[in-house]
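Pasted below: data-v9.txt, compact mmCIF, C-alpha atoms and all ligand atoms.
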# COMPACT_ATOMS: atom_id res chain seq x y z
CA MET A 1 0.89 -0.69 17.31
CA HIS A 2 -0.10 2.95 17.12
CA HIS A 3 -3.79 3.59 16.39
CA GLU A 4 -5.12 6.87 15.05
CA LEU A 5 -8.51 7.34 16.75
CA GLN A 6 -11.26 9.41 15.13
CA VAL A 7 -14.53 9.76 17.03
CA VAL A 8 -17.59 10.92 15.10
CA ALA A 9 -21.17 11.44 16.21
CA ASP A 10 -23.04 8.24 15.48
CA PRO A 11 -23.04 4.97 13.48
CA ASP A 12 -24.21 6.81 10.36
CA ALA A 13 -21.25 9.19 10.57
CA VAL A 14 -18.92 6.19 11.08
CA ALA A 15 -20.33 4.57 7.92
CA GLY A 16 -20.05 7.76 5.85
CA THR A 17 -16.53 8.62 7.03
CA ALA A 18 -15.41 5.03 6.42
CA ALA A 19 -16.92 4.94 2.92
CA ALA A 20 -15.13 8.15 1.92
CA PHE A 21 -11.85 6.74 3.31
CA VAL A 22 -12.23 3.43 1.45
CA ALA A 23 -13.12 5.14 -1.83
CA ARG A 24 -10.10 7.48 -1.65
CA LEU A 25 -7.75 4.61 -0.81
CA ALA A 26 -9.18 2.38 -3.56
CA GLN A 27 -8.71 5.12 -6.16
CA ALA A 28 -5.11 5.75 -5.01
CA CYS A 29 -4.19 2.03 -4.97
CA VAL A 30 -5.69 1.35 -8.40
CA GLN A 31 -3.85 4.35 -9.79
CA ALA A 32 -0.59 3.23 -8.14
CA HIS A 33 -0.63 -0.52 -8.82
CA GLY A 34 -3.77 -1.37 -10.77
CA ARG A 35 -5.63 -3.29 -8.03
CA PHE A 36 -7.18 -2.72 -4.60
CA THR A 37 -7.02 -5.70 -2.24
CA PHE A 38 -9.58 -5.32 0.53
CA ALA A 39 -10.32 -7.80 3.33
CA VAL A 40 -13.71 -7.40 5.01
CA SER A 41 -14.93 -8.69 8.39
CA GLY A 42 -18.46 -9.58 9.45
CA GLY A 43 -20.65 -8.16 12.17
CA HIS A 44 -22.94 -5.17 11.58
CA THR A 45 -20.74 -2.17 10.85
CA PRO A 46 -19.40 -3.14 7.38
CA TRP A 47 -22.79 -3.31 5.70
CA ALA A 48 -23.68 0.26 6.70
CA MET A 49 -20.33 1.33 5.24
CA PHE A 50 -21.02 -0.55 1.97
CA ALA A 51 -24.42 1.16 1.68
CA ARG A 52 -22.62 4.52 1.77
CA LEU A 53 -19.95 3.29 -0.68
CA ALA A 54 -22.69 3.03 -3.30
CA HIS A 55 -22.62 6.84 -3.41
CA GLU A 56 -18.82 7.07 -3.77
CA HIS A 57 -16.65 6.58 -6.84
CA VAL A 58 -14.98 3.18 -6.42
CA PRO A 59 -13.16 1.44 -9.33
CA TRP A 60 -14.94 -1.83 -8.52
CA GLU A 61 -13.67 -3.72 -11.57
CA HIS A 62 -10.17 -3.48 -10.04
CA VAL A 63 -11.22 -4.41 -6.49
CA ALA A 64 -10.55 -7.85 -4.97
CA VAL A 65 -12.57 -8.50 -1.81
CA PHE A 66 -11.32 -11.18 0.61
CA GLN A 67 -12.99 -12.32 3.81
CA VAL A 68 -11.41 -11.70 7.21
CA ASP A 69 -13.59 -14.34 8.84
CA GLU A 70 -16.59 -16.53 8.22
CA ARG A 71 -18.97 -18.81 10.06
CA VAL A 72 -19.11 -22.45 9.06
CA ALA A 73 -22.71 -22.52 7.80
CA PRO A 74 -24.48 -23.26 4.49
CA ASP A 75 -24.35 -20.88 1.53
CA GLY A 76 -27.01 -18.18 1.83
CA ASP A 77 -27.37 -18.63 5.61
CA PRO A 78 -28.13 -15.26 7.25
CA ASP A 79 -25.31 -15.94 9.72
CA ARG A 80 -22.77 -16.08 6.88
CA ASN A 81 -20.75 -12.89 6.41
CA LEU A 82 -20.66 -13.70 2.68
CA THR A 83 -24.45 -13.44 2.45
CA HIS A 84 -24.30 -9.83 3.67
CA LEU A 85 -21.20 -9.03 1.65
CA ARG A 86 -22.82 -10.15 -1.62
CA GLU A 87 -26.04 -8.26 -0.78
CA SER A 88 -23.98 -5.16 0.01
CA LEU A 89 -21.98 -5.33 -3.20
CA GLY A 90 -25.10 -5.78 -5.33
CA ALA A 91 -24.12 -5.40 -8.97
CA ALA A 92 -20.69 -3.88 -8.26
CA PRO A 93 -18.24 -5.83 -10.46
CA ALA A 94 -15.73 -6.59 -7.70
CA GLU A 95 -13.97 -9.96 -7.53
CA VAL A 96 -15.07 -11.74 -4.33
CA ILE A 97 -12.73 -14.41 -2.98
CA ALA A 98 -14.95 -16.26 -0.51
CA MET A 99 -13.74 -18.38 2.39
CA PRO A 100 -14.42 -22.05 1.48
CA VAL A 101 -16.33 -22.98 4.63
CA ASN A 102 -18.46 -25.64 2.94
CA ASP A 103 -15.55 -27.90 1.97
CA ALA A 104 -15.50 -31.37 3.51
CA ASP A 105 -11.89 -30.96 4.66
CA LEU A 106 -11.89 -27.59 6.42
CA ASP A 107 -8.20 -27.68 7.35
CA ALA A 108 -7.24 -28.20 3.71
CA ALA A 109 -9.73 -25.47 2.71
CA ALA A 110 -8.18 -23.03 5.17
CA ALA A 111 -4.71 -23.80 3.82
CA ALA A 112 -5.96 -23.27 0.25
CA TYR A 113 -7.52 -19.93 1.21
CA GLY A 114 -4.19 -18.95 2.75
CA ARG A 115 -2.46 -19.65 -0.58
CA SER A 116 -4.96 -17.42 -2.38
CA LEU A 117 -4.16 -14.37 -0.22
CA PRO A 118 -2.14 -11.51 -1.66
CA GLY A 119 1.32 -10.73 -0.30
CA ARG A 120 -0.14 -7.50 1.01
CA PHE A 121 -3.62 -6.18 1.66
CA ASP A 122 -4.16 -2.56 0.74
CA LEU A 123 -6.88 -2.43 3.39
CA VAL A 124 -8.22 -4.73 6.10
CA HIS A 125 -11.50 -3.81 7.77
CA LEU A 126 -11.85 -5.02 11.36
CA GLY A 127 -14.57 -4.85 13.99
CA LEU A 128 -14.35 -5.24 17.75
CA GLY A 129 -16.49 -7.47 19.94
CA PRO A 130 -17.56 -6.50 23.46
CA ASP A 131 -15.23 -9.30 24.66
CA GLY A 132 -12.28 -7.81 22.78
CA HIS A 133 -12.37 -10.24 19.85
CA THR A 134 -11.62 -9.14 16.34
CA ALA A 135 -11.95 -11.16 13.14
CA SER A 136 -12.68 -14.59 14.71
CA LEU A 137 -9.68 -14.28 17.00
CA VAL A 138 -11.71 -14.97 20.09
CA PRO A 139 -10.62 -15.01 23.74
CA ARG A 140 -9.04 -18.24 24.98
CA ASP A 141 -9.22 -20.01 21.58
CA PRO A 142 -6.01 -21.78 20.45
CA VAL A 143 -6.32 -19.84 17.17
CA LEU A 144 -4.74 -16.89 19.00
CA GLU A 145 -1.42 -18.74 19.08
CA VAL A 146 -1.32 -19.77 15.41
CA SER A 147 1.83 -18.33 13.89
CA ASP A 148 2.57 -20.80 11.09
CA ARG A 149 -0.64 -20.41 9.05
CA LEU A 150 -2.44 -17.48 7.43
CA VAL A 151 -5.93 -18.95 7.85
CA ALA A 152 -7.20 -21.20 10.64
CA LEU A 153 -10.32 -22.64 12.23
CA THR A 154 -11.70 -21.86 15.66
CA ALA A 155 -13.69 -23.88 18.15
CA PRO A 156 -17.45 -23.11 18.08
CA TYR A 157 -18.06 -19.52 19.17
CA MET A 158 -21.51 -17.96 19.47
CA GLY A 159 -23.16 -20.85 17.69
CA HIS A 160 -20.68 -21.55 14.88
CA GLN A 161 -17.21 -22.81 14.22
CA ARG A 162 -15.36 -20.06 12.31
CA MET A 163 -12.63 -19.70 9.70
CA THR A 164 -10.43 -16.66 10.23
CA LEU A 165 -7.37 -14.81 9.07
CA THR A 166 -4.67 -15.22 11.73
CA TYR A 167 -2.38 -12.53 13.12
CA PRO A 168 0.32 -13.24 10.48
CA ALA A 169 -2.28 -12.69 7.73
CA LEU A 170 -3.58 -9.47 9.31
CA ALA A 171 0.04 -8.27 9.49
CA ARG A 172 -0.01 -8.15 5.68
CA ALA A 173 -2.26 -5.08 5.94
CA GLN A 174 -0.82 -1.81 4.73
CA GLN A 175 -3.78 -0.18 6.45
CA VAL A 176 -6.33 -1.40 8.99
CA LEU A 177 -9.67 0.36 9.34
CA TRP A 178 -11.59 -0.43 12.54
CA LEU A 179 -15.30 0.41 12.67
CA ILE A 180 -16.54 0.49 16.25
CA THR A 181 -19.96 1.59 17.42
CA GLY A 182 -22.08 1.27 20.56
CA ALA A 183 -21.60 1.71 24.29
CA ASP A 184 -20.85 -2.00 24.75
CA LYS A 185 -17.58 -1.40 22.83
CA ARG A 186 -16.38 1.43 25.06
CA GLU A 187 -14.24 -0.67 27.37
CA PRO A 188 -12.59 -2.87 24.71
CA LEU A 189 -11.99 0.23 22.55
CA SER A 190 -10.13 2.02 25.33
CA ARG A 191 -8.05 -1.14 25.83
CA LEU A 192 -7.36 -1.42 22.09
CA VAL A 193 -6.07 2.13 21.73
CA ALA A 194 -4.04 1.75 24.94
CA GLY A 195 -2.23 -1.21 23.32
CA ASP A 196 -3.60 -3.77 25.77
CA ARG A 197 -2.44 -7.13 24.39
CA SER A 198 -4.60 -9.08 26.85
CA ILE A 199 -7.55 -8.73 24.47
CA PRO A 200 -7.30 -10.43 21.07
CA ALA A 201 -7.75 -7.15 19.18
CA GLY A 202 -4.79 -5.67 21.05
CA ARG A 203 -2.41 -8.15 19.40
CA VAL A 204 -3.11 -7.09 15.80
CA GLU A 205 -0.06 -5.64 14.05
CA ALA A 206 -0.20 -3.77 10.74
CA ALA A 207 1.60 -0.95 8.95
CA ALA A 208 -1.05 1.64 9.84
CA SER A 209 -4.30 1.71 11.78
CA LEU A 210 -7.27 4.09 11.76
CA VAL A 211 -9.97 3.54 14.36
CA LEU A 212 -13.33 5.11 13.51
CA ALA A 213 -15.70 5.09 16.48
CA ASP A 214 -19.01 6.67 17.30
CA ALA A 215 -19.40 8.81 20.43
CA ALA A 216 -21.09 5.99 22.34
CA ALA A 217 -18.00 3.80 21.96
CA GLY A 218 -15.30 6.45 21.76
CA GLN A 219 -15.97 8.81 24.58
CA GLY A 220 -13.77 6.69 26.87
CA PRO A 221 -14.27 5.61 30.45
CA ALA A 222 -15.82 8.21 32.76
CA ARG A 223 -13.05 10.11 34.53
CA ALA A 224 -13.16 12.34 37.60
CA GLY A 225 -12.09 15.74 36.29
CA PRO A 226 -12.05 19.31 37.49
CA GLN A 227 -15.53 20.60 38.29
CA SER A 228 -16.91 23.35 36.07
CA PRO A 229 -17.50 26.64 37.87
CA ALA A 230 -21.12 26.95 39.01
O1 LIG A 301 -18.61 -11.70 15.38
C1 LIG A 301 -18.17 -10.78 14.75
O2 LIG A 301 -18.29 -9.52 15.24
C2 LIG A 301 -17.23 -8.59 15.09
C3 LIG A 301 -17.76 -7.20 15.49
O3 LIG A 301 -18.71 -6.76 14.55
P1 LIG A 301 -19.66 -5.47 14.58
O4 LIG A 301 -19.52 -4.86 13.24
O5 LIG A 301 -21.05 -6.00 14.80
O6 LIG A 301 -19.21 -4.58 15.68
C4 LIG A 301 -16.71 -8.66 13.66
O7 LIG A 301 -15.61 -7.83 13.49
C5 LIG A 301 -16.33 -10.10 13.30
O8 LIG A 301 -15.87 -10.17 11.97
C6 LIG A 301 -17.54 -10.96 13.41
O9 LIG A 301 -17.24 -12.29 13.13
How does this structure look as structure tokens?
Ligand SMILES: O=C1O[C@H](COP(=O)(O)O)[C@@H](O)[C@H](O)[C@H]1O
Amino acid sequence: MHHELQVVADPDAVAGTAAAFVARLAQACVQAHGRFTFAVSGGHTPWAMFARLAHEHVPWEHVAVFQVDERVAPDGDPDRNLTHLRESLGAAPAEVIAMPVNDADLDAAAAAYGRSLPGRFDLVHLGLGPDGHTASLVPRDPVLEVSDRLVALTAPYMGHQRMTLTYPALARAQQVLWLITGADKREPLSRLVAGDRSIPAGRVEAAASLVLADAAAGQGPARAGPQSPA
């Protein structure tokens, strides 16, 4: 998949640029088909973007927010992506379609969440882990090979079992927006934009992809180049 890479100065510039992009796309989608379907990941980067979205014009009453992934943990747990998503949205009247990670039968819950997904996402936000994971598509987990379900469960990873959209679900994205900050993301980012399918993020397919990175992540591996004249 081709990725358009935009490198800006720092995490604050990533958040501001992303918020302006999301607001413009939400306005255009609502004008075109009355609804904006937006799937949001966890991590750290989305909440900074949501803070900046508070200063943008977003037609929240026509926005449906889905989760890209979630940790299996109690409601309100600080490790839950939903906890941060709800805090970030505040009083914005968006519809939030939460992953049902507290159901007794998690396989049935994942299947039900899959049935609730739209045929297309106007926008999917993704992050990138230092190990190349995205969503909860984590290295060496059997979830990477799921092709017959839209939502699946992982083995425990960093303290929690996870529920995640699978590659077929992510492929419903008309647009993917990656938010990538920090020097520990430099190597996986260069592999992502090079189309390296050996990392989980490198296997995501979607109609279009914009990668927003800060300079710490996006300056690429150090290369030997021509010396400047003294
Ligand atoms: O574990 C996770 O981390 C990644 C990366 O998040 P970041 O915003 O801290 O860079 C995230 O995309 C994923 O949803 C989450 O489960």
Could you pull the residues within 10 Å of A:Arg35, counting only C-alpha atoms, minus those fewer than 3 positions along the same chain, as a VMD selection string?
chain A and resid 26 to 32 38 59 to 64 122
What would the file look like if the residues just selected were written as a short mmCIF file (atom, residue, chain, number, x, y, z; two decimals), in the coordinates of the input with C-alpha atoms?
data_model
loop_
_atom_site.label_atom_id
_atom_site.label_comp_id
_atom_site.auth_asym_id
_atom_site.auth_seq_id
_atom_site.Cartn_x
_atom_site.Cartn_y
_atom_site.Cartn_z
CA ALA A 26 -9.18 2.38 -3.56
CA GLN A 27 -8.71 5.12 -6.16
CA ALA A 28 -5.11 5.75 -5.01
CA CYS A 29 -4.19 2.03 -4.97
CA VAL A 30 -5.69 1.35 -8.40
CA GLN A 31 -3.85 4.35 -9.79
CA ALA A 32 -0.59 3.23 -8.14
CA PHE A 38 -9.58 -5.32 0.53
CA PRO A 59 -13.16 1.44 -9.33
CA TRP A 60 -14.94 -1.83 -8.52
CA GLU A 61 -13.67 -3.72 -11.57
CA HIS A 62 -10.17 -3.48 -10.04
CA VAL A 63 -11.22 -4.41 -6.49
CA ALA A 64 -10.55 -7.85 -4.97
CA ASP A 122 -4.16 -2.56 0.74
#
Atom CA of A:Gln219 to atom CA of A:Val193, distance in Å rounded to a single decimal
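Taking atom CA of A:Gln219 as the start and atom CA of A:Val193 as the end point, the length is 12.3 Å.
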Contacts of A:Met1 at 8 Å or less, counting all atoms listed in the file, minus same-chain residues fewer than 5 places along, as a list in words?
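Listing them by chain and then by number gives Gly195, Val204, Glu205, Ala206 and Ser209 of chain A.
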Counting all atoms listed in the file, which residue out of A:His57, A:Arg115, A:Arg71, A:Arg203 sits closest to A:Ala92?
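Closest candidate: A:His57.
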Have a look at A:Ala48, A:Ala112, A:Leu150, A:Met163 and name the one nearest to A:Glu87; count all atoms listed in the file.
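The closest residue to A:Glu87 is A:Ala48.
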Point-to-point distance from atom CA of A:Thr166 to atom CA of A:Pro130, Å rounded to tenths
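According to the coordinates, atom CA of A:Thr166 and atom CA of A:Pro130 are separated by 19.5 Å.
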Hey, which of A:Phe36, A:Tyr167, A:Tyr157, A:Phe50 ends up closest to ligand LIG 301 (chain A)? Count all atoms listed in the file.
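Ranked by minimum distance to ligand LIG 301 (chain A), first place goes to A:Tyr157.
Between atom CA of A:Arg186 and atom CA of A:Leu212 the separation is 12.5 Å.
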Residues within 10 Å of ligand LIG 301 (chain A), counting all atoms listed in the file, as a PyMOL selection string:
chain A and resi 40-48+67-71+79-81+125-138+157-158+162-164+178-182+184-185+201
Selected residue, from A:Gln175, A:Ala39, A:Met49, A:Ala54, that lies nearest to A:Leu82 when counting all atoms listed in the file
A:Ala39
Kindly extract all protein, DNA and RNA residues lying within 8 Å of the coordinates (-7.2, 6.1, 13.7) given in the file, considering all atoms listed in the file, and supply them as a PyMOL selection string.
chain A and resi 3-6+177-178+209-212
From A:Arg140, A:Arg86, A:Arg120, A:His160, residue lying nearest A:Val101 [all atoms listed in the file]:
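Going through A:Arg140, A:Arg86, A:Arg120, A:His160 one by one, the smallest distance to A:Val101 is for A:His160.
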Residues near A:Pro168, cut-off 8 Å, only C-alpha atoms, skip fewer than 5 positions along chain, as a PyMOL selection string:
chain A and resi 147-150
Any chance you could work out the axis-aligned box around stretch 95-105 of chain A, listed atoms only, 5 Å on each side, giving centre and edge lengths in Å to one decimal, as lines of an AutoDock Vina configuration file?
center_x = -15.2
center_y = -20.7
center_z = -1.4
size_x = 16.6
size_y = 31.4
size_z = 22.2
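Excluding A:Phe121 and any residue on its chain fewer than 4 positions from it, the residues at most 6 Å away by all atoms listed in the file are Thr37, Arg172 and Ala173 of chain A.
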Quick one: of A:Gly218, A:Val146, A:Ala213, A:Thr154, who's nearest to A:Asp12, counting all atoms listed in the file?
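Result for the nearest residue to A:Asp12: A:Ala213.
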